[in-house]
$ cat model-v4.cif   # mmCIF, C-alpha atoms
data_data
#
loop_
_atom_site.label_atom_id
_atom_site.label_comp_id
_atom_site.auth_asym_id
_atom_site.auth_seq_id
_atom_site.Cartn_x
_atom_site.Cartn_y
_atom_site.Cartn_z
CA MET S 126 -32.30 -33.43 38.91
CA TYR S 127 -32.32 -29.63 38.88
CA SER S 128 -33.50 -28.04 42.12
CA PRO S 129 -34.10 -24.28 42.01
CA ALA S 130 -33.54 -22.04 45.04
CA VAL S 131 -37.16 -20.86 45.19
CA ILE S 132 -37.65 -17.95 47.61
CA TYR S 133 -41.22 -16.96 46.68
CA GLU S 134 -44.04 -18.59 44.76
CA ASP S 135 -47.79 -18.10 44.32
CA ASN S 136 -50.23 -18.77 41.48
CA HIS S 137 -48.96 -15.81 39.48
CA ILE S 138 -45.21 -15.36 40.00
CA ILE S 139 -42.18 -17.29 41.16
CA ALA S 140 -38.85 -15.89 42.39
CA VAL S 141 -35.57 -17.75 42.70
CA ASN S 142 -32.16 -16.94 44.10
CA LYS S 143 -30.07 -17.16 40.93
CA ARG S 144 -26.76 -18.88 41.36
CA VAL S 145 -23.50 -17.45 40.07
CA SER S 146 -22.85 -18.48 36.43
CA GLU S 147 -26.51 -19.36 35.75
CA LEU S 148 -27.79 -17.94 32.49
CA VAL S 149 -31.26 -16.40 32.83
CA GLN S 150 -32.09 -16.86 29.13
CA GLY S 151 -30.43 -18.87 26.40
CA ASP S 152 -27.69 -17.23 24.35
CA ARG S 153 -25.07 -18.09 21.75
CA THR S 154 -23.25 -20.41 24.18
CA GLY S 155 -26.06 -22.91 23.92
CA ASP S 156 -25.89 -23.55 27.68
CA VAL S 157 -29.09 -24.63 29.39
CA SER S 158 -30.68 -21.56 30.94
CA LEU S 159 -32.35 -20.94 34.28
CA THR S 160 -35.59 -20.35 32.39
CA GLU S 161 -35.46 -23.78 30.75
CA ASN S 162 -34.56 -25.55 33.99
CA LEU S 163 -37.29 -23.78 35.94
CA LYS S 164 -39.94 -24.48 33.30
CA ASN S 165 -39.11 -28.17 33.41
CA TRP S 166 -39.11 -28.14 37.22
CA LEU S 167 -42.58 -26.53 37.27
CA ARG S 168 -43.88 -29.03 34.72
CA ILE S 169 -42.77 -31.94 36.88
CA LYS S 170 -43.84 -30.39 40.20
CA TYR S 171 -47.38 -29.66 39.01
CA ASN S 172 -47.63 -32.69 36.70
CA LYS S 173 -48.43 -30.58 33.66
CA PRO S 174 -49.12 -32.49 30.43
CA GLY S 175 -47.36 -29.89 28.28
CA ASP S 176 -44.88 -27.07 28.76
CA ALA S 177 -45.32 -24.88 31.81
CA PHE S 178 -45.74 -21.18 31.08
CA LEU S 179 -42.86 -19.09 32.37
CA GLY S 180 -42.41 -15.46 31.37
CA VAL S 181 -39.08 -13.68 31.77
CA ILE S 182 -39.66 -10.30 33.44
CA HIS S 183 -36.09 -9.13 34.03
CA ARG S 184 -32.55 -10.48 33.88
CA LEU S 185 -29.29 -10.56 35.78
CA ASP S 186 -25.84 -10.80 34.21
CA ARG S 187 -24.44 -14.31 34.26
CA PRO S 188 -21.79 -13.67 36.97
CA VAL S 189 -24.36 -11.93 39.23
CA SER S 190 -26.43 -13.76 41.86
CA GLY S 191 -29.71 -12.98 43.59
CA VAL S 192 -33.43 -12.38 43.11
CA VAL S 193 -34.92 -13.11 39.69
CA ILE S 194 -38.70 -13.03 39.25
CA PHE S 195 -40.66 -14.93 36.59
CA ALA S 196 -44.33 -14.80 35.65
CA LYS S 197 -46.39 -18.00 35.75
CA THR S 198 -49.27 -16.58 33.68
CA SER S 199 -49.52 -14.27 30.69
CA LYS S 200 -51.65 -11.86 32.74
CA SER S 201 -49.04 -11.52 35.48
CA LEU S 202 -46.29 -11.19 32.86
CA ALA S 203 -48.02 -8.19 31.26
CA ARG S 204 -48.71 -6.57 34.62
CA MET S 205 -45.21 -7.14 36.00
CA ASN S 206 -43.69 -5.78 32.79
CA GLU S 207 -45.78 -2.64 33.28
CA LEU S 208 -44.52 -2.28 36.88
CA PHE S 209 -40.93 -2.45 35.67
CA LYS S 210 -41.63 -0.09 32.78
CA THR S 211 -43.24 2.51 35.04
CA LYS S 212 -40.56 2.11 37.74
CA GLN S 213 -42.95 0.82 40.38
CA ILE S 214 -40.37 -1.78 41.41
CA SER S 215 -37.70 -1.24 44.06
CA LYS S 216 -34.45 -3.10 43.30
CA ILE S 217 -31.73 -3.25 45.93
CA TYR S 218 -28.31 -4.71 45.18
CA TRP S 219 -25.26 -5.45 47.32
CA ALA S 220 -21.80 -5.00 45.85
CA ILE S 221 -18.39 -5.83 47.29
CA THR S 222 -15.66 -3.50 46.05
CA GLY S 223 -11.92 -3.63 46.59
CA GLN S 224 -11.75 0.09 47.30
CA ARG S 225 -13.56 2.35 49.71
CA PRO S 226 -15.77 4.75 47.74
CA PRO S 227 -14.88 8.47 47.75
CA LYS S 228 -18.11 9.23 49.66
CA GLU S 229 -19.91 7.08 52.20
CA SER S 230 -23.10 7.57 50.20
CA ASP S 231 -23.89 9.30 46.94
CA ARG S 232 -26.18 9.55 43.94
CA LEU S 233 -24.43 8.69 40.68
CA VAL S 234 -25.81 10.18 37.47
CA ASN S 235 -23.96 9.32 34.27
CA TYR S 236 -24.54 8.39 30.66
CA LEU S 237 -23.72 4.86 29.49
CA ARG S 238 -23.17 3.65 25.97
CA LYS S 239 -23.16 -0.06 25.21
CA ASP S 240 -20.55 -1.56 22.89
CA THR S 241 -22.19 -4.72 21.59
CA THR S 242 -18.97 -6.07 20.05
CA GLN S 243 -17.25 -6.03 23.45
CA ASN S 244 -20.40 -6.66 25.51
CA LYS S 245 -19.33 -3.74 27.67
CA SER S 246 -20.65 -0.30 28.59
CA TYR S 247 -18.68 2.95 28.68
CA ILE S 248 -19.37 5.87 30.97
CA PHE S 249 -19.71 9.56 30.10
CA LYS S 250 -20.41 12.64 32.19
CA LYS S 251 -22.56 14.19 29.48
CA LYS S 252 -24.93 12.72 26.94
CA VAL S 253 -23.24 11.43 23.78
CA LYS S 254 -24.64 9.73 20.71
CA GLY S 255 -26.11 6.35 21.60
CA SER S 256 -25.87 6.85 25.37
CA LYS S 257 -28.61 6.53 27.98
CA GLU S 258 -28.92 8.18 31.38
CA ALA S 259 -27.98 5.91 34.28
CA ILE S 260 -28.90 6.71 37.89
CA LEU S 261 -28.22 4.86 41.13
CA ASN S 262 -27.95 5.67 44.81
CA TYR S 263 -25.45 3.89 47.02
CA ARG S 264 -24.48 3.81 50.66
CA THR S 265 -21.63 2.05 52.41
CA LEU S 266 -22.86 -0.62 54.81
CA TYR S 267 -19.64 -2.17 56.09
CA ILE S 268 -15.88 -2.05 55.64
CA PHE S 269 -13.56 -5.03 56.11
CA LYS S 270 -9.84 -4.46 55.53
CA ASN S 271 -9.66 -3.18 51.94
CA TYR S 272 -13.17 -4.27 51.00
CA SER S 273 -16.43 -2.34 51.21
CA LEU S 274 -19.99 -3.61 51.06
CA LEU S 275 -22.23 -1.13 49.24
CA GLU S 276 -26.00 -1.14 49.09
CA ILE S 277 -27.30 0.11 45.76
CA ASP S 278 -30.77 1.43 45.04
CA LEU S 279 -31.01 1.08 41.28
CA GLN S 280 -33.06 3.81 39.62
CA THR S 281 -32.54 2.84 35.96
CA GLY S 282 -31.77 -0.49 34.34
CA ARG S 283 -28.92 -0.02 31.88
CA HIS S 284 -26.51 -2.61 30.49
CA HIS S 285 -23.88 -3.41 33.17
CA GLN S 286 -24.97 -0.23 34.95
CA ILE S 287 -23.82 -0.94 38.50
CA ARG S 288 -20.57 -2.52 37.33
CA CYS S 289 -19.76 0.42 35.05
CA GLN S 290 -20.78 3.23 37.40
CA LEU S 291 -18.92 1.85 40.41
CA ALA S 292 -15.82 1.36 38.28
CA GLY S 293 -16.28 4.99 37.23
CA ILE S 294 -15.70 6.16 40.83
CA GLY S 295 -12.65 3.93 41.22
CA CYS S 296 -14.51 1.05 42.89
CA PRO S 297 -14.70 -1.91 40.49
CA ILE S 298 -16.66 -4.85 41.86
CA MET S 299 -14.72 -7.79 43.28
CA GLY S 300 -13.87 -10.28 40.55
CA ASP S 301 -15.09 -8.06 37.71
CA LEU S 302 -12.11 -8.20 35.34
CA LYS S 303 -14.10 -6.52 32.56
CA TYR S 304 -14.39 -3.31 34.59
CA GLY S 305 -10.97 -3.19 36.15
CA PHE S 306 -10.80 -5.49 39.18
CA PRO S 307 -7.35 -7.12 39.12
CA ARG S 308 -8.33 -10.69 40.12
CA SER S 309 -11.11 -13.11 39.24
CA MET S 310 -13.15 -15.11 41.74
CA GLU S 311 -12.85 -18.87 42.05
CA ASN S 312 -16.40 -19.53 40.82
CA GLY S 313 -16.21 -17.13 37.89
CA GLY S 314 -18.71 -14.78 39.49
CA ILE S 315 -18.42 -11.21 40.70
CA GLY S 316 -19.28 -9.60 44.03
CA LEU S 317 -22.66 -8.26 42.88
CA HIS S 318 -25.89 -9.64 44.33
CA SER S 319 -29.53 -8.75 43.74
CA ARG S 320 -30.50 -8.52 47.40
CA SER S 321 -34.19 -7.63 47.26
CA VAL S 322 -37.06 -6.70 45.00
CA SER S 323 -40.20 -4.97 46.35
CA PHE S 324 -43.47 -4.14 44.61
CA VAL S 325 -47.24 -4.23 44.91
CA HIS S 326 -48.47 -7.62 43.71
CA PRO S 327 -50.09 -7.21 40.28
CA VAL S 328 -53.09 -9.41 41.19
CA SER S 329 -53.57 -9.38 44.97
CA LYS S 330 -52.46 -5.72 45.23
CA LYS S 331 -50.61 -6.53 48.45
CA PRO S 332 -47.02 -5.38 49.12
CA VAL S 333 -44.40 -8.02 48.33
CA ALA S 334 -40.76 -7.90 49.40
CA ILE S 335 -38.50 -10.72 48.20
CA THR S 336 -35.03 -11.05 49.70
CA ALA S 337 -32.18 -13.39 48.74
CA ASP S 338 -29.04 -14.22 50.71
CA PRO S 339 -25.73 -13.93 48.82
CA PRO S 340 -23.79 -17.01 47.72
CA GLY S 341 -21.18 -18.74 49.82
CA HIS S 342 -17.87 -16.87 49.87
CA VAL S 343 -15.65 -15.83 52.75
CA LEU S 344 -16.32 -12.10 52.25
CA TRP S 345 -20.07 -12.54 51.81
CA ASP S 346 -20.05 -14.63 54.99
CA ILE S 347 -18.16 -11.91 56.88
CA PHE S 348 -20.54 -9.19 55.73
CA MET S 349 -23.62 -11.32 56.47
CA ASN S 350 -22.26 -11.90 59.97
CA MET S 351 -21.90 -8.13 60.36
CA GLN S 352 -25.44 -7.69 59.11
CA SER S 353 -26.80 -10.12 61.69
CA LYS S 354 -25.05 -8.20 64.47
CA LYS S 355 -26.07 -4.79 63.21
CA SER S 356 -27.59 -2.53 65.84
CA ASN S 357 -27.79 0.77 63.96
CA PRO S 358 -28.90 0.41 60.32
CA ASP S 359 -27.46 3.82 59.40
CA SER S 360 -23.97 3.26 60.77
CA ILE S 361 -20.84 2.07 59.00
CA ASN S 362 -19.08 -0.77 60.78
CA SER S 363 -15.38 -1.45 60.34
CA VAL S 364 -13.32 -4.39 61.57
#

$ encode --input "model-v4.cif" --output "structure tokens"
Amino acid sequence: MYSPAVIYEDNHIIAVNKRVSELVQGDRTGDVSLTENLKNWLRIKYNKPGDAFLGVIHRLDRPVSGVVIFAKTSKSLARMNELFKTKQISKIYWAITGQRPPKESDRLVNYLRKDTTQNKSYIFKKKVKGSKEAILNYRTLYIFKNYSLLEIDLQTGRHHQIRCQLAGIGCPIMGDLKYGFPRSMENGGIGLHSRSVSFVHPVSKKPVAITADPPGHVLWDIFMNMQSKKSNPDSINSV
């Protein structure tokens, strides 16, 4: 039986730690999605006679892990959608790259254009036809041998934005063959994780911060061990 990695739940929303390769919503592959599995799990858990309501608020790419939030009522779905639309949501990602970035921290502002036939985005310095502005801030948390762990504060939500923009500075994400990393990962995922999502609850109006640990992998384990030993949150630690 399916068992979701639930990291937050109340009467209005539920958040899970999405596993690598899970599909948030159904697509042309026909694979069972996280949404379908979670709806069925809620129906059984709460002994609902019919389908459980579950509204998709945002998505993660299939090879990406981490926090995904769903609405359990139509009211919370509308209100959460408004928070995302008006950028009242803070989204923090962790990314493992095979190269050290050119700057320890930076603000990346580019224009991305999605190619639907390739399911890939292309980066431009200036606005071109069909492109959208993409903004993120990053800082380097830790360095281990050739690998860097970056923390990304995502300001806009474009198609493959983090993957494309990091590749644009010569730092493709670990395992991301589509954007230039030379090797795949064993589980078919990439080294990109939705670490935390913070917002003011749409009903209770109280601050909510939801955090998810990254999936099991030797490099994630190394960086998590560094995180647990961290003494100065603004320093870069190398081993």

$ closest_residue --input "model-v4.cif" --among "S:Val328, S:Ile221, S:Ser323, S:Leu274" --to "Phe306 (chain S)" --atoms "all atoms listed in the file"
S:Ile221

$ resolve_selection --input "model-v4.cif" --expression "the PyMOL selection byres ((chain S and resi 180) around 9)" --output "VMD selection string"
chain S and resid 160 178 to 179 181 to 182 195 to 199 201 to 202

$ closest_residue --input "model-v4.cif" --among "S:Ile260, S:Val253, S:Ile315, S:Ile335" --to "Ser146 (chain S)" --atoms "all atoms listed in the file"
S:Ile315

$ resolve_selection --input "model-v4.cif" --expression "the PyMOL selection byres ((chain S and resi 347) around 12)" --output "number ranges by chain"
S: 221, 267-270, 272-274, 339-346, 348-354, 362-364

$ residues_around --input "model-v4.cif" --residues "Leu317 (chain S)" --least-positions-apart "2" --cutoff "6 Å" --atoms "only C-alpha atoms" --output "mmCIF file with C-alpha atoms, in the coordinates of the input"
data_model
loop_
_atom_site.group_PDB
_atom_site.id
_atom_site.type_symbol
_atom_site.label_atom_id
_atom_site.label_comp_id
_atom_site.auth_asym_id
_atom_site.auth_seq_id
_atom_site.Cartn_x
_atom_site.Cartn_y
_atom_site.Cartn_z
ATOM 1 C CA VAL S 189 -24.360 -11.930 39.230
ATOM 2 C CA TRP S 219 -25.260 -5.450 47.320
ATOM 3 C CA ALA S 220 -21.800 -5.000 45.850
ATOM 4 C CA ILE S 315 -18.420 -11.210 40.700
#

$ atom_distance --input "model-v4.cif" --atom1 "CA of Gly314 (chain S)" --atom2 "CA of His284 (chain S)"
17.0 Å

$ resolve_selection --input "model-v4.cif" --expression "the PyMOL selection byres ((chain S and resi 336) around 8)" --output "ChimeraX atom specification"
/S:132,192,320-322,334-335,337-338

$ closest_residue --input "model-v4.cif" --among "S:Thr154, S:Asn165, S:Ser256, S:Asn271" --to "Asn235 (chain S)" --atoms "only C-alpha atoms"
S:Ser256

$ atom_distance --input "model-v4.cif" --atom1 "CA of Arg308 (chain S)" --atom2 "CA of Arg288 (chain S)"
15.0 Å

$ atom_distance --input "model-v4.cif" --atom1 "CA of Thr242 (chain S)" --atom2 "CA of Val193 (chain S)"
26.3 Å

$ closest_residue --input "model-v4.cif" --among "S:Gly175, S:Pro227, S:Gly255, S:Pro188" --to "Lys303 (chain S)" --atoms "only C-alpha atoms"
S:Pro188

$ closest_residue --input "model-v4.cif" --among "S:Ile277, S:Ile194, S:Leu237, S:Leu302" --to "Phe324 (chain S)" --atoms "only C-alpha atoms"
S:Ile194

$ closest_residue --input "model-v4.cif" --among "S:Gln243, S:Ser128, S:Ser215, S:Ser319" --to "Lys170 (chain S)" --atoms "all atoms listed in the file"
S:Ser128

$ residues_around --input "model-v4.cif" --residues "Val234 (chain S)" --least-positions-apart "3" --cutoff "8 Å" --atoms "only C-alpha atoms" --output "list in words"
Lys250, Glu258, Ala259, Ile260 and Leu261 of chain S

$ residues_around --input "model-v4.cif" --residues "His326 (chain S)" --least-positions-apart "5" --cutoff "10 Å" --atoms "only C-alpha atoms" --output "list in words"
His137, Ile138, Ser201, Arg204, Met205, Leu208, Lys331, Pro332, Val333 and Ala334 of chain S

$ residues_around --input "model-v4.cif" --residues "region 247-249 of chain S" --least-positions-apart "2" --cutoff "7 Å" --atoms "all atoms listed in the file" --output "list in words"
Asn235, Tyr236, Leu237, Arg238, Lys239, Lys245, Lys251, Lys252 and Cys289 of chain S

$ axis_aligned_box --input "model-v4.cif" --around "region 151-162 of chain S" --padding-each-side "4 Å" --output "JSON"
{"center_x": -29.4, "center_y": -21.4, "center_z": 28.0, "size_x": 20.3, "size_y": 16.3, "size_z": 20.5}
